[in-house]
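Peer 1: See model_18.txt below, with compact mmCIF, C-alpha atoms.
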```
# COMPACT_ATOMS: atom_id res chain seq x y z
CA MET A 1 37.74 30.34 -8.58
CA ASP A 2 36.94 33.37 -6.42
CA ARG A 3 33.76 32.06 -4.78
CA PRO A 4 33.01 29.09 -2.49
CA LEU A 5 30.10 27.98 -4.68
CA ALA A 6 32.52 27.55 -7.60
CA THR A 7 34.46 25.10 -5.44
CA VAL A 8 31.20 23.27 -4.62
CA SER A 9 30.46 23.06 -8.34
CA ARG A 10 33.91 21.64 -9.04
CA TYR A 11 33.69 19.03 -6.27
CA ALA A 12 30.21 18.04 -7.43
CA GLY A 13 31.71 17.43 -10.88
CA TYR A 14 34.48 15.29 -9.39
CA HIS A 15 31.92 13.36 -7.34
CA VAL A 16 30.02 12.43 -10.50
CA LEU A 17 33.17 11.71 -12.48
CA GLU A 18 35.06 9.70 -9.88
CA LYS A 19 32.35 8.00 -7.85
CA LEU A 20 28.82 8.18 -9.21
CA ARG A 21 29.10 7.83 -13.01
CA PRO A 22 32.79 7.29 -13.82
CA ASP A 23 32.16 5.34 -17.04
CA LYS A 24 29.55 7.66 -18.44
CA THR A 25 31.01 11.12 -17.96
CA VAL A 26 34.09 13.20 -18.75
CA LEU A 27 34.98 16.61 -17.39
CA LEU A 28 35.74 19.53 -19.68
CA CYS A 29 37.66 22.70 -18.79
CA THR A 30 35.30 25.64 -19.30
CA PRO A 31 37.96 28.13 -20.51
CA ALA A 32 39.16 25.67 -23.16
CA LEU A 33 35.76 25.89 -24.84
CA ILE A 34 35.96 29.61 -25.39
CA GLY A 35 39.73 29.65 -25.81
CA GLY A 36 39.20 27.72 -29.02
CA VAL A 37 40.86 24.42 -27.99
CA GLN A 38 39.50 22.35 -30.84
CA GLU A 39 39.27 18.92 -29.18
CA ASP A 40 37.21 20.35 -26.31
CA VAL A 41 34.96 22.39 -28.63
CA THR A 42 34.35 19.39 -30.89
CA PHE A 43 33.54 17.19 -27.89
CA ALA A 44 30.96 19.68 -26.59
CA LYS A 45 29.35 19.97 -30.03
CA GLU A 46 29.12 16.22 -30.59
CA ASN A 47 28.08 15.03 -27.14
CA PRO A 48 25.33 15.96 -24.69
CA VAL A 49 26.54 18.45 -22.08
CA LEU A 50 25.46 18.88 -18.45
CA VAL A 51 26.43 22.26 -17.01
CA ILE A 52 27.06 22.80 -13.28
CA ASP A 53 27.30 26.53 -12.62
CA GLY A 54 28.39 27.93 -9.29
CA CYS A 55 26.38 31.13 -9.23
CA GLY A 56 23.78 33.28 -10.93
CA GLU A 57 26.32 34.69 -13.39
CA LYS A 58 25.86 31.40 -15.30
CA CYS A 59 29.31 31.71 -16.89
CA CYS A 60 29.63 28.05 -17.76
CA GLU A 61 26.24 27.93 -19.47
CA LYS A 62 27.05 31.10 -21.43
CA ILE A 63 30.43 29.74 -22.51
CA VAL A 64 29.07 26.35 -23.62
CA ASN A 65 26.34 28.14 -25.60
CA GLU A 66 28.94 30.42 -27.16
CA ALA A 67 30.92 27.32 -28.22
CA LYS A 68 27.67 25.86 -29.65
CA GLY A 69 27.81 22.94 -27.26
CA ARG A 70 24.80 20.62 -26.89
CA ILE A 71 23.50 21.61 -23.45
CA LYS A 72 20.98 19.05 -22.24
CA ALA A 73 20.68 20.11 -18.60
CA VAL A 74 21.84 22.86 -16.25
CA ILE A 75 22.28 22.75 -12.47
CA ASN A 76 22.99 25.95 -10.54
CA VAL A 77 24.61 25.48 -7.13
CA GLU A 78 23.15 28.77 -5.88
CA ASP A 79 19.63 27.40 -6.51
CA VAL A 80 20.43 24.15 -4.70
CA LEU A 81 21.81 26.11 -1.74
CA LYS A 82 18.51 28.01 -1.49
CA GLU A 83 16.82 24.66 -0.82
CA HIS A 84 19.53 23.59 1.66
CA LYS A 85 20.23 26.86 3.49
CA ASP A 86 21.99 25.02 6.34
CA LEU A 87 24.71 23.74 3.99
CA GLN A 88 26.67 26.98 3.55
CA PRO A 89 30.31 26.19 2.58
CA GLU A 90 33.03 27.62 4.85
CA SER A 91 35.34 29.19 2.25
CA ARG A 92 36.60 28.72 -1.28
CA ALA A 93 39.68 26.92 0.07
CA LYS A 94 37.91 24.69 2.54
CA LEU A 95 34.33 23.72 1.97
CA GLY A 96 33.97 22.07 5.39
CA PRO A 97 31.53 19.21 6.09
CA LYS A 98 28.47 21.29 5.15
CA GLY A 99 29.97 22.47 1.87
CA MET A 100 31.06 18.92 1.03
CA LYS A 101 27.54 17.67 1.77
CA LEU A 102 26.19 20.33 -0.60
CA ALA A 103 28.66 19.16 -3.27
CA GLU A 104 27.46 15.56 -2.81
CA ILE A 105 23.83 16.62 -3.18
CA VAL A 106 24.65 18.55 -6.36
CA GLY A 107 26.64 15.54 -7.59
CA GLU A 108 23.69 13.21 -6.98
CA MET A 109 21.37 15.57 -8.84
CA ALA A 110 23.86 15.66 -11.70
CA ALA A 111 24.11 11.85 -11.78
CA LYS A 112 20.32 11.61 -12.12
CA LYS A 113 20.44 14.13 -14.97
CA VAL A 114 23.17 12.06 -16.64
CA ASP A 115 20.90 8.99 -16.53
CA GLU A 116 17.96 10.96 -17.94
CA ILE A 117 20.08 12.43 -20.73
CA LEU A 118 21.54 9.04 -21.69
CA ALA A 119 18.09 7.40 -21.61
CA GLU A 120 16.81 10.09 -23.95
CA VAL A 121 19.80 9.71 -26.28
CA ASN A 122 19.45 5.91 -26.36
CA LYS A 123 15.71 6.21 -27.06
CA SER A 124 16.27 8.45 -30.04
CA GLU A 125 18.94 6.20 -31.58
CA MET B 126 48.91 60.56 -4.73
CA LYS B 127 49.44 57.90 -7.37
CA ILE B 128 47.43 54.75 -6.72
CA LYS B 129 49.49 51.69 -7.48
CA PRO B 130 47.63 49.18 -9.63
CA LYS B 131 47.09 45.75 -8.20
CA ILE B 132 48.41 42.80 -10.11
CA GLY B 133 45.82 40.34 -11.36
CA LEU B 134 46.63 36.66 -10.95
CA ILE B 135 44.50 34.66 -13.35
CA SER B 136 44.47 30.97 -12.70
CA CYS B 137 43.24 28.50 -15.26
CA SER B 138 39.93 26.96 -14.31
CA GLY B 139 41.50 23.60 -15.11
CA GLU B 140 38.84 21.18 -13.84
CA GLY B 141 39.84 18.67 -16.46
CA LEU B 142 43.39 17.98 -15.37
CA PRO B 143 45.44 17.67 -12.16
CA GLU B 144 47.71 20.60 -13.11
CA GLY B 145 44.61 22.83 -12.93
CA MET B 146 44.31 21.97 -9.27
CA ILE B 147 47.98 22.90 -8.74
CA SER B 148 47.37 26.21 -10.53
CA ARG B 149 44.37 27.12 -8.41
CA VAL B 150 45.92 26.09 -5.09
CA ALA B 151 49.21 27.91 -5.75
CA THR B 152 47.33 31.04 -6.85
CA ARG B 153 45.05 30.97 -3.83
CA ARG B 154 47.96 30.56 -1.41
CA ILE B 155 49.75 33.55 -2.97
CA LEU B 156 46.56 35.60 -2.61
CA GLU B 157 46.44 34.72 1.06
CA GLU B 158 50.08 35.75 1.55
CA ARG B 159 50.13 39.08 -0.30
CA ASP B 160 47.90 42.13 -0.46
CA ASP B 161 49.23 43.50 -3.75
CA VAL B 162 47.49 40.89 -5.90
CA VAL B 163 43.89 39.98 -6.65
CA THR B 164 42.33 37.24 -8.71
CA ILE B 165 39.50 37.31 -11.17
CA CYS B 166 37.15 34.50 -12.09
CA LEU B 167 38.37 33.30 -15.51
CA PRO B 168 35.02 31.88 -16.70
CA LEU B 169 33.26 35.12 -15.73
CA PHE B 170 35.91 37.13 -17.59
CA LEU B 171 35.51 34.89 -20.65
CA ALA B 172 31.72 34.98 -20.48
CA GLY B 173 31.78 38.78 -20.70
CA GLY B 174 31.88 40.03 -17.09
CA GLN B 175 32.49 43.76 -17.60
CA GLU B 176 34.17 44.36 -14.23
CA GLU B 177 36.62 41.53 -14.94
CA ARG B 178 37.35 42.75 -18.47
CA ASP B 179 37.90 46.33 -17.28
CA PHE B 180 40.27 45.07 -14.61
CA VAL B 181 42.36 43.19 -17.17
CA LYS B 182 42.55 46.25 -19.43
CA ASP B 183 43.56 48.56 -16.60
CA ASN B 184 45.91 46.39 -14.56
CA PRO B 185 48.94 44.18 -15.23
CA CYS B 186 48.04 40.50 -15.19
CA ILE B 187 49.90 37.24 -14.75
CA THR B 188 48.27 34.06 -16.02
CA VAL B 189 48.83 30.70 -14.33
CA ASP B 190 47.86 27.92 -16.72
CA GLY B 191 47.82 24.22 -15.98
CA CYS B 192 48.81 22.98 -19.41
CA ASN B 193 50.06 24.07 -22.79
CA LYS B 194 46.56 24.76 -24.07
CA MET B 195 47.12 28.00 -22.12
CA CYS B 196 43.44 28.92 -21.97
CA ALA B 197 43.97 31.71 -19.42
CA ALA B 198 46.74 33.41 -21.41
CA LYS B 199 44.86 33.03 -24.70
CA GLY B 200 41.63 34.23 -23.11
CA VAL B 201 43.30 37.40 -21.82
CA GLN B 202 44.62 38.12 -25.29
CA MET B 203 41.37 37.29 -27.10
CA TYR B 204 38.89 38.99 -24.79
CA GLY B 205 40.98 41.48 -22.84
CA LYS B 206 42.85 42.64 -25.94
CA VAL B 207 46.07 42.77 -23.94
CA HIS B 208 48.98 40.43 -23.43
CA PRO B 209 49.51 39.10 -19.94
CA LYS B 210 52.68 40.53 -18.40
CA SER B 211 53.76 37.00 -17.66
CA SER B 212 52.45 33.52 -18.47
CA ILE B 213 53.25 30.63 -16.16
CA VAL B 214 52.52 27.04 -17.21
CA ILE B 215 52.47 24.33 -14.52
CA SER B 216 53.28 21.43 -16.84
CA ASP B 217 56.46 23.25 -17.92
CA ILE B 218 57.51 23.83 -14.31
CA ALA B 219 56.88 20.15 -13.50
CA GLU B 220 58.95 19.05 -16.48
CA LYS B 221 61.78 21.47 -15.82
CA HIS B 222 62.12 20.48 -12.19
CA LYS B 223 61.44 16.77 -12.77
CA HIS B 224 58.51 16.77 -10.39
CA LEU B 225 56.18 13.83 -10.37
CA LYS B 226 53.12 14.45 -12.47
CA PRO B 227 50.20 15.19 -10.15
CA LYS B 228 47.49 12.54 -10.41
CA SER B 229 44.43 13.86 -8.61
CA LYS B 230 42.14 16.50 -10.04
CA SER B 231 40.29 16.94 -6.79
CA ARG B 232 42.95 17.12 -4.09
CA ILE B 233 46.57 18.01 -3.44
CA GLU B 234 48.45 14.86 -2.41
CA PRO B 235 51.52 15.16 -0.12
CA GLN B 236 53.84 14.45 -3.10
CA ASP B 237 52.29 17.41 -4.99
CA GLU B 238 53.35 19.95 -2.37
CA LYS B 239 56.79 20.42 -3.96
CA LEU B 240 55.22 21.36 -7.27
CA VAL B 241 52.82 23.77 -5.53
CA GLU B 242 55.79 25.37 -3.71
CA GLU B 243 57.82 25.60 -6.91
CA THR B 244 54.86 27.21 -8.67
CA MET B 245 54.41 29.70 -5.83
CA LYS B 246 58.11 30.58 -6.11
CA HIS B 247 57.69 31.26 -9.85
CA ILE B 248 54.56 33.34 -9.28
CA THR B 249 56.27 35.38 -6.55
CA GLU B 250 59.28 36.07 -8.77
CA GLU B 251 57.04 37.16 -11.62
CA ILE B 252 54.92 39.41 -9.38
CA ASP B 253 58.05 41.13 -8.11
CA ARG B 254 59.43 41.51 -11.64
CA VAL B 255 56.16 42.93 -13.01
CA LYS B 256 55.87 45.32 -10.04
CA GLU B 257 59.37 46.59 -10.68
CA GLU B 258 58.52 47.16 -14.36
CA GLU B 259 55.36 49.04 -13.48
CA GLU B 260 57.04 51.37 -11.00
```
Would you mind writing the structure in this file as structure tokens?
Peer 2:
Amino acid sequence: MDRPLATVSRYAGYHVLEKLRPDKTVLLCTPALIGGVQEDVTFAKENPVLVIDGCGEKCCEKIVNEAKGRIKAVINVEDVLKEHKDLQPESRAKLGPKGMKLAEIVGEMAAKKVDEILAEVNKSE
Amino acid sequence: MKIKPKIGLISCSGEGLPEGMISRVATRRILEERDDVVTICLPLFLAGGQEERDFVKDNPCITVDGCNKMCAAKGVQMYGKVHPKSSIVISDIAEKHKHLKPKSKSRIEPQDEKLVEETMKHITEEIDRVKEEEE
């Protein structure tokens, strides 16, 4: 929670969950996976997981791997920002219009990944 | 000269529930008000960030969890090998003070402000108590 890109990551997740793919996605709390909360760990093991990390530390990806979750795709907000350098968020408390636009772009990328993952899962069933 | 340790406020990441938003907003507002506290990124701490883990070992910490899963408090114990000096749980505060359950995970609604204020009051009291203990 100490970096603006973490806030972008969170808002991108909400964008997918609330607007873009509300019936196809759920949001998991990252700390619950490594804190041993069984229902969250079981969910990540039994369902495909899309990770949205805020920065190059890749904490979310590391934690899901540690919990043996089924990671199917990873998006890193820092990488997306490199391609949209004009969309620098204002602060961790207030993303501002540019930061919100960045979150929407990340959300749209995530929604596409969701479709690809589900298509792959349906094909293999 | 003895350097006073800063107090670490560790908010739950809490993307999955509205109380997580209350936890993060209350923590952030406290950080903006006071210069004797810092925060650490909980996922980075849990993922093995050495700086974060060293901080938790060397400084008193207060966890601010959204729900009774208490991931922040448990994480500090499991990976920091210390007990937080205080553990605050938003859902308990909401229940105790009969606040309306927050509904949005992505924004603070006007009716959530009371719960944020109540949480900030709890955090402030706990910071002051922990500081007094440490001195």
Peer 1: Mind giving me the straight-line distance from atom CA of Glu242 of chain B to atom CA of Gly54 of chain A in Å, one decimal?
Peer 2: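 According to the coordinates, atom CA of Glu242 of chain B and atom CA of Gly54 of chain A are separated by 28.1 Å.
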Peer 1: Report, in Å to a single decimal, how far apart atom CA of Ser231 of chain B and atom CA of Tyr11 of chain A are.
Peer 2: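 Atom CA of Ser231 of chain B lies 6.9 Å from atom CA of Tyr11 of chain A.
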Peer 1: Residues of chain A were defined as contacting chain B if any atom lay at most 6 Å from it, counting all atoms listed in the file; please report them as JSON, numbers by chain.
Peer 2: {"A": [1, 2, 27, 28, 29, 31, 32, 35, 59, 63]}
Peer 1: May I have the residues from that selection written out with C-alpha atoms, as an mmCIF file, in the coordinates of the input?
Peer 2:
```cif
data_model
loop_
_atom_site.group_PDB
_atom_site.id
_atom_site.type_symbol
_atom_site.label_atom_id
_atom_site.label_comp_id
_atom_site.auth_asym_id
_atom_site.auth_seq_id
_atom_site.Cartn_x
_atom_site.Cartn_y
_atom_site.Cartn_z
ATOM 1 C CA MET A 1 37.740 30.340 -8.580
ATOM 2 C CA ASP A 2 36.940 33.370 -6.420
ATOM 3 C CA LEU A 27 34.980 16.610 -17.390
ATOM 4 C CA LEU A 28 35.740 19.530 -19.680
ATOM 5 C CA CYS A 29 37.660 22.700 -18.790
ATOM 6 C CA PRO A 31 37.960 28.130 -20.510
ATOM 7 C CA ALA A 32 39.160 25.670 -23.160
ATOM 8 C CA GLY A 35 39.730 29.650 -25.810
ATOM 9 C CA CYS A 59 29.310 31.710 -16.890
ATOM 10 C CA ILE A 63 30.430 29.740 -22.510
#
```
Peer 1: For each of B:Glu258, B:Asp160, B:Asp217, B:Asp253, take the minimum atom-to-atom distance to Val189 of chain B, counting all atoms listed in the file, then give the residue where this is smallest.
Peer 2: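 Among B:Glu258, B:Asp160, B:Asp217, B:Asp253, it is B:Asp217 that comes nearest to Val189 of chain B.
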Peer 1: What separation in Å, quoted to one decimal, exists between atom CA of Ile252 of chain B and atom CA of Val181 of chain B?
Peer 2: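 So the two atoms, atom CA of Ile252 of chain B and atom CA of Val181 of chain B, lie 15.3 Å apart.
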Peer 1: Skip Glu83 of chain A itself and residues of its chain fewer than 5 positions away, then list as a list in words all residues within 12 Å of it, counting only C-alpha atoms.
Peer 2: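 The filter keeps Asn76, Val77, Glu78, Gln88, Leu102, Ile105 and Val106 of chain A.
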Peer 1: Using all atoms listed in the file, which residues sit within 10 Å of Ala73 of chain A once same-chain residues fewer than 3 positions away are excluded, as number ranges by chain?
Peer 2: A: 48-52, 61, 70, 110, 113-114, 116-117
Peer 1: Take the residues from that selection and put them in a file with C-alpha atoms, as a CSV table (one decimal), in the coordinates of the input.
Peer 2:
```
chain,number,residue,atom,x,y,z
A,48,PRO,CA,25.3,16.0,-24.7
A,49,VAL,CA,26.5,18.4,-22.1
A,50,LEU,CA,25.5,18.9,-18.4
A,51,VAL,CA,26.4,22.3,-17.0
A,52,ILE,CA,27.1,22.8,-13.3
A,61,GLU,CA,26.2,27.9,-19.5
A,70,ARG,CA,24.8,20.6,-26.9
A,110,ALA,CA,23.9,15.7,-11.7
A,113,LYS,CA,20.4,14.1,-15.0
A,114,VAL,CA,23.2,12.1,-16.6
A,116,GLU,CA,18.0,11.0,-17.9
A,117,ILE,CA,20.1,12.4,-20.7
```
Peer 1: So, counting only C-alpha atoms, which residue among A:Val37, A:Ala111, A:Asp53, A:Ala6 is closest to Ile75 of chain A?
Peer 2: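 Closest to Ile75 of chain A, using only C-alpha atoms: A:Asp53.
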Peer 1: Here is a test: counting all atoms listed in the file, which residue of B:Asp190, B:Glu158, B:Ile147, B:Gln175 is nearest to Gln236 of chain B?
Peer 2: B:Ile147
Peer 1: At a cut-off of 6 Å, using only C-alpha atoms, what residues contact Pro4 of chain A? Leave out same-chain residues fewer than 2 positions from it and give the result as a compact mmCIF listing (two decimals) with C-alpha atoms, keeping the file's coordinate frame.
Peer 2:
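Generated file (out12.txt):
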```txt
# COMPACT_ATOMS: atom_id res chain seq x y z
CA ALA A 6 32.52 27.55 -7.60
CA THR A 7 34.46 25.10 -5.44
CA SER A 91 35.34 29.19 2.25
CA ARG A 92 36.60 28.72 -1.28
```
Peer 1: Quick one: everything within 10 Å of Thr249 of chain B, counting only C-alpha atoms, minus sequence neighbours fewer than 6 positions away in the same chain. Send it as a list of chain:residue names.
Peer 2: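 Once the nearby chain positions are removed, what remains is B:Thr152, B:Ile155, B:Arg159, B:Glu243, B:Val255.
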Peer 1: Restore N, CA and C atoms in segment 93-108 of chain A and list the result as a PDB file, in the coordinates of the input.
Peer 2:
```
ATOM      1  N   ALA A  93      38.558  27.848  -0.109  1.00  0.00           N
ATOM      2  CA  ALA A  93      39.680  26.920   0.070  1.00  0.00           C
ATOM      3  C   ALA A  93      39.273  25.670   0.817  1.00  0.00           C
ATOM      4  N   LYS A  94      38.325  25.831   1.719  1.00  0.00           N
ATOM      5  CA  LYS A  94      37.910  24.690   2.540  1.00  0.00           C
ATOM      6  C   LYS A  94      36.387  24.706   2.634  1.00  0.00           C
ATOM      7  N   LEU A  95      35.797  23.737   1.979  1.00  0.00           N
ATOM      8  CA  LEU A  95      34.330  23.720   1.970  1.00  0.00           C
ATOM      9  C   LEU A  95      33.761  23.376   3.333  1.00  0.00           C
ATOM     10  N   GLY A  96      34.499  22.546   4.102  1.00  0.00           N
ATOM     11  CA  GLY A  96      33.970  22.070   5.390  1.00  0.00           C
ATOM     12  C   GLY A  96      32.933  20.992   5.163  1.00  0.00           C
ATOM     13  N   PRO A  97      32.483  20.322   6.249  1.00  0.00           N
ATOM     14  CA  PRO A  97      31.530  19.210   6.090  1.00  0.00           C
ATOM     15  C   PRO A  97      30.212  19.633   5.429  1.00  0.00           C
ATOM     16  N   LYS A  98      29.741  20.847   5.743  1.00  0.00           N
ATOM     17  CA  LYS A  98      28.470  21.290   5.150  1.00  0.00           C
ATOM     18  C   LYS A  98      28.623  21.534   3.648  1.00  0.00           C
ATOM     19  N   GLY A  99      29.716  22.202   3.287  1.00  0.00           N
ATOM     20  CA  GLY A  99      29.970  22.470   1.870  1.00  0.00           C
ATOM     21  C   GLY A  99      30.152  21.175   1.086  1.00  0.00           C
ATOM     22  N   MET A 100      30.840  20.207   1.705  1.00  0.00           N
ATOM     23  CA  MET A 100      31.060  18.920   1.030  1.00  0.00           C
ATOM     24  C   MET A 100      29.725  18.182   0.850  1.00  0.00           C
ATOM     25  N   LYS A 101      28.864  18.307   1.878  1.00  0.00           N
ATOM     26  CA  LYS A 101      27.540  17.670   1.770  1.00  0.00           C
ATOM     27  C   LYS A 101      26.757  18.298   0.612  1.00  0.00           C
ATOM     28  N   LEU A 102      26.862  19.634   0.505  1.00  0.00           N
ATOM     29  CA  LEU A 102      26.190  20.330  -0.600  1.00  0.00           C
ATOM     30  C   LEU A 102      26.721  19.827  -1.945  1.00  0.00           C
ATOM     31  N   ALA A 103      28.047  19.657  -2.025  1.00  0.00           N
ATOM     32  CA  ALA A 103      28.660  19.160  -3.270  1.00  0.00           C
ATOM     33  C   ALA A 103      28.143  17.751  -3.595  1.00  0.00           C
ATOM     34  N   GLU A 104      27.981  16.920  -2.570  1.00  0.00           N
ATOM     35  CA  GLU A 104      27.460  15.560  -2.810  1.00  0.00           C
ATOM     36  C   GLU A 104      26.024  15.600  -3.324  1.00  0.00           C
ATOM     37  N   ILE A 105      25.227  16.495  -2.734  1.00  0.00           N
ATOM     38  CA  ILE A 105      23.830  16.620  -3.180  1.00  0.00           C
ATOM     39  C   ILE A 105      23.777  17.063  -4.647  1.00  0.00           C
ATOM     40  N   VAL A 106      24.603  18.073  -4.961  1.00  0.00           N
ATOM     41  CA  VAL A 106      24.650  18.550  -6.360  1.00  0.00           C
ATOM     42  C   VAL A 106      25.123  17.424  -7.271  1.00  0.00           C
ATOM     43  N   GLY A 107      26.128  16.665  -6.802  1.00  0.00           N
ATOM     44  CA  GLY A 107      26.640  15.540  -7.590  1.00  0.00           C
ATOM     45  C   GLY A 107      25.551  14.494  -7.840  1.00  0.00           C
ATOM     46  N   GLU A 108      24.765  14.201  -6.812  1.00  0.00           N
ATOM     47  CA  GLU A 108      23.690  13.210  -6.980  1.00  0.00           C
ATOM     48  C   GLU A 108      22.621  13.701  -7.962  1.00  0.00           C
TER      49      GLU A 108
END
```
